[in-house]
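Q: Here's a structure for you.
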Amino acid sequence: MYYFKKTIYPAIMNNLSFYLQQRIQEINIDLSDMKNIDYLQLFKWLRDKFPSLSYDALFELYAFHNNINISNLDADFKKQLIQQYKNIPPTYLPLSRNIINKYMDMALYEAEQALQYNEVPIGAIVVFDNNIIGYGHNETITKCDVTAHAEINAIQIAQRTLGNYRLNHSDIYVTIEPCLMCIGAIINARLRRVIYGACEPLTGSISSQFQTLANKNVNIVTEGIGPIDNTKYGTILKRFFYNSRKNKFFNDF
Ligand SMILES: [Zn+2]
């Protein structure tokens, strides 16, 4: 007696619409990896690239992931699924290490500019569609303005560049974890991602002192990524404060 091993064709061809298969390939995800990726996460990534994608795609992904027919999902269950999707923290398509390094280094260059004016050396860059649309460093002394932090300056330029106070599809790169004021501005500007170089233990408002982006009571669309490299991006600031304390010590005598 012969047993023929049943040929397993990728189930994906049977369950997912051609339209959705194409969208998935357009975000550079291999269809054979699909089962290993959380369907909520995948739908978030797809929505990042195709904002008008309907919830039907989410239902399709769920059915595919669980090997069931989409017609088995009733209205209540679909509502639950949408709620689950809304509850997961914002995440967008992963950024390549090269892209992160490229823009973080530009933010570091901005931080170095601040040193020339004896300002606290923090720099920020706003990027939209691979173009720099805003940049800035701390100018609190120069402008005599406590709100003139690097992020605020960069956001203001970005808003003027786009002619829009909303920066939905833009990312901000900043050398040091933002303070409460700046994370507030970032959230209000609806920036998509905030990528920070080093932690700021005293005032940092993403992971260190406050976890603002984890607050489920506020409709936050911003994803926080960092710290990228505490030594590389934090040293300039530590050295600055070390030198200013040293100078103060000598001036006091
Ligand atoms: Zn700030």
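The chains in the structure tokens are called A, B, ... from first to last as shown; in each chain the residues are counted from 1, and the ligands are counted from 1 in the order shown.
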6 Å from ligand 1 is the threshold here; counting only C-alpha atoms and all ligand atoms, which polymer residues fall inside it? Answer as a PyMOL selection string.
A: chain A and resi 149+178-179+181-182
Q: Since we have the selection now, will you write its residues out, keeping N, CA and C atoms, as a PDB file, in the first residue's frame?
A:
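Contents of part-v2.pdb, freshly written:
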```pdb
ATOM      1  N   HIS A 149      13.276  74.290  23.355  1.00  0.00           N
ATOM      2  CA  HIS A 149      14.030  73.035  23.338  1.00  0.00           C
ATOM      3  C   HIS A 149      14.210  72.586  21.885  1.00  0.00           C
ATOM      4  N   PRO A 178      13.052  62.902  25.338  1.00  0.00           N
ATOM      5  CA  PRO A 178      12.352  64.180  25.526  1.00  0.00           C
ATOM      6  C   PRO A 178      11.799  64.388  26.948  1.00  0.00           C
ATOM      7  N   CYS A 179      11.649  65.671  27.312  1.00  0.00           N
ATOM      8  CA  CYS A 179      11.046  66.035  28.606  1.00  0.00           C
ATOM      9  C   CYS A 179       9.517  66.024  28.451  1.00  0.00           C
ATOM     10  N   MET A 181       7.352  68.481  28.507  1.00  0.00           N
ATOM     11  CA  MET A 181       6.854  69.514  27.587  1.00  0.00           C
ATOM     12  C   MET A 181       7.000  69.053  26.137  1.00  0.00           C
ATOM     13  N   CYS A 182       8.168  68.511  25.813  1.00  0.00           N
ATOM     14  CA  CYS A 182       8.424  68.128  24.417  1.00  0.00           C
ATOM     15  C   CYS A 182       7.608  66.908  24.002  1.00  0.00           C
TER      16      CYS A 182
END
```
Q: So which bits of region 65-207 of chain A end up strand (DSSP E) when you DSSP the backbone, as a VMD selection string?
A: chain A and resid 123 to 128 131 to 137 170 to 176 193 to 198
Q: Excluding Thr161 (chain A) and residues on its chain fewer than 5 positions from it, collect all residues at most 10 Å away from it, counting only C-alpha atoms, and give them as a list in words.
A: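 Near Thr161 (chain A), the qualifying residues are Ile132, Ile133, Gly134, Ile155 and Gln156 of chain A.
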Q: For CA of Gly224 (chain A) and CA of Asn118 (chain A), determine how far apart the two atoms are, in Å to one decimal place.
A: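 The value is 28.8 Å.
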Q: DSSP says helix (DSSP H, G or I) for which residues of region 42-235 of chain A? Put them as a PyMOL selection string?
A: chain A and resi 42-49+55-65+70-72+75-87+97-115+150-162+180-188+212-214+230-235
Q: Quick one: pull the distance between CA of Asn98 (chain A) and CA of Asn130 (chain A), Å, one decimal.
A: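 Answer for the CA of Asn98 (chain A) to CA of Asn130 (chain A) separation: 12.4 Å.
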Q: Need the shell around Leu31 (chain A): protein/DNA/RNA residues with any atom at most 12 Å away, counting only C-alpha atoms. Skip same-chain ones fewer than 4 positions apart. Format as a VMD selection string?
A: chain A and resid 10 to 13 16 18 20 to 27 35 to 37 42 61 64
Q: Would you save the residues of that selection, restricted to N, CA and C atoms, as an mmCIF file, in the first residue's frame?
A:
```
data_model
loop_
_atom_site.group_PDB
_atom_site.id
_atom_site.type_symbol
_atom_site.label_atom_id
_atom_site.label_comp_id
_atom_site.auth_asym_id
_atom_site.auth_seq_id
_atom_site.Cartn_x
_atom_site.Cartn_y
_atom_site.Cartn_z
ATOM 1 N N PRO A 10 0.710 26.344 0.071
ATOM 2 C CA PRO A 10 0.567 27.402 1.075
ATOM 3 C C PRO A 10 -0.902 27.780 1.242
ATOM 4 N N ALA A 11 -1.390 27.638 2.461
ATOM 5 C CA ALA A 11 -2.805 27.912 2.720
ATOM 6 C C ALA A 11 -3.148 29.351 2.377
ATOM 7 N N ILE A 12 -2.133 30.164 2.430
ATOM 8 C CA ILE A 12 -2.307 31.582 2.174
ATOM 9 C C ILE A 12 -3.009 31.849 0.842
ATOM 10 N N MET A 13 -2.727 31.032 -0.134
ATOM 11 C CA MET A 13 -3.317 31.241 -1.446
ATOM 12 C C MET A 13 -4.832 31.030 -1.395
ATOM 13 N N LEU A 16 -6.331 34.187 1.760
ATOM 14 C CA LEU A 16 -6.151 35.626 1.666
ATOM 15 C C LEU A 16 -6.454 36.124 0.260
ATOM 16 N N PHE A 18 -6.229 38.245 -3.099
ATOM 17 C CA PHE A 18 -5.067 38.646 -3.888
ATOM 18 C C PHE A 18 -4.669 40.077 -3.523
ATOM 19 N N LEU A 20 -4.956 41.598 -0.645
ATOM 20 C CA LEU A 20 -4.225 41.654 0.619
ATOM 21 C C LEU A 20 -2.822 41.047 0.486
ATOM 22 N N GLN A 21 -2.736 39.975 -0.289
ATOM 23 C CA GLN A 21 -1.409 39.386 -0.526
ATOM 24 C C GLN A 21 -0.458 40.418 -1.124
ATOM 25 N N GLN A 22 -0.995 41.190 -2.057
ATOM 26 C CA GLN A 22 -0.154 42.207 -2.708
ATOM 27 C C GLN A 22 0.292 43.281 -1.723
ATOM 28 N N ARG A 23 -0.656 43.738 -0.892
ATOM 29 C CA ARG A 23 -0.316 44.781 0.087
ATOM 30 C C ARG A 23 0.769 44.277 1.041
ATOM 31 N N ILE A 24 0.640 43.010 1.449
ATOM 32 C CA ILE A 24 1.615 42.434 2.388
ATOM 33 C C ILE A 24 3.004 42.396 1.747
ATOM 34 N N GLN A 25 3.039 42.038 0.468
ATOM 35 C CA GLN A 25 4.334 42.009 -0.220
ATOM 36 C C GLN A 25 4.912 43.410 -0.372
ATOM 37 N N GLU A 26 4.018 44.387 -0.490
ATOM 38 C CA GLU A 26 4.495 45.765 -0.645
ATOM 39 C C GLU A 26 5.124 46.313 0.630
ATOM 40 N N ILE A 27 4.851 45.707 1.779
ATOM 41 C CA ILE A 27 5.556 46.143 2.993
ATOM 42 C C ILE A 27 6.721 45.191 3.293
ATOM 43 N N LYS A 35 2.447 33.349 9.089
ATOM 44 C CA LYS A 35 1.898 32.679 10.276
ATOM 45 C C LYS A 35 2.691 33.022 11.538
ATOM 46 N N ASN A 36 3.926 33.500 11.357
ATOM 47 C CA ASN A 36 4.762 33.807 12.522
ATOM 48 C C ASN A 36 4.571 35.234 13.023
ATOM 49 N N ILE A 37 3.791 35.994 12.288
ATOM 50 C CA ILE A 37 3.617 37.390 12.680
ATOM 51 C C ILE A 37 2.225 37.582 13.274
ATOM 52 N N LEU A 42 0.571 42.925 12.278
ATOM 53 C CA LEU A 42 0.643 42.995 10.818
ATOM 54 C C LEU A 42 -0.355 44.007 10.270
ATOM 55 N N LEU A 61 -7.144 38.665 8.061
ATOM 56 C CA LEU A 61 -5.883 38.207 8.655
ATOM 57 C C LEU A 61 -6.145 37.275 9.840
ATOM 58 N N PHE A 64 -7.307 33.900 8.553
ATOM 59 C CA PHE A 64 -6.167 33.189 7.980
ATOM 60 C C PHE A 64 -5.278 32.614 9.083
#
```
Q: In Å, how far is it from CA of Ala154 (chain A) to CA of Trp45 (chain A)?
A: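 One can read the CA of Ala154 (chain A) to CA of Trp45 (chain A) distance as 26.2 Å.
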Q: Need to verify the contact set: Glu151 (chain A), 12 Å, only C-alpha atoms, exclusion of same-chain residues closer than 4 positions in sequence. Can you return it as a ChimeraX atom specification?
A: /A:107,110-111,122-126,134-140,147,155-158,171-187,189,191,194-196
Q: Given only C-alpha atoms as the basis, pick out the residue of A:Leu93, A:Met106, A:Ile236, A:Ile68 nearest to Arg192 (chain A).
A: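 With only C-alpha atoms as the atom set, the closest residue is A:Leu93.
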Q: Taking only C-alpha atoms into account, which of A:Tyr242, A:Lys49, A:Pro90, A:Met104 comes nearest Leu213 (chain A)?
A: A:Pro90
Q: With distances taken over only C-alpha atoms, which residue among A:Glu223, A:Asp48, A:Glu60, A:Asp74 lies nearest His169 (chain A)?
A: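 For His169 (chain A), the nearest of the candidates is A:Asp48.
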Q: Using only C-alpha atoms, which of A:Ile228, A:Val218, A:Ala63, A:Val127 sits nearest Ser170 (chain A)?
A: A:Val127
Q: Considering only C-alpha atoms, state which residue in the set A:Tyr117, A:Gly234, A:Asn168, A:Gln80 is at the smallest distance from Lys143 (chain A).
A: A:Tyr117
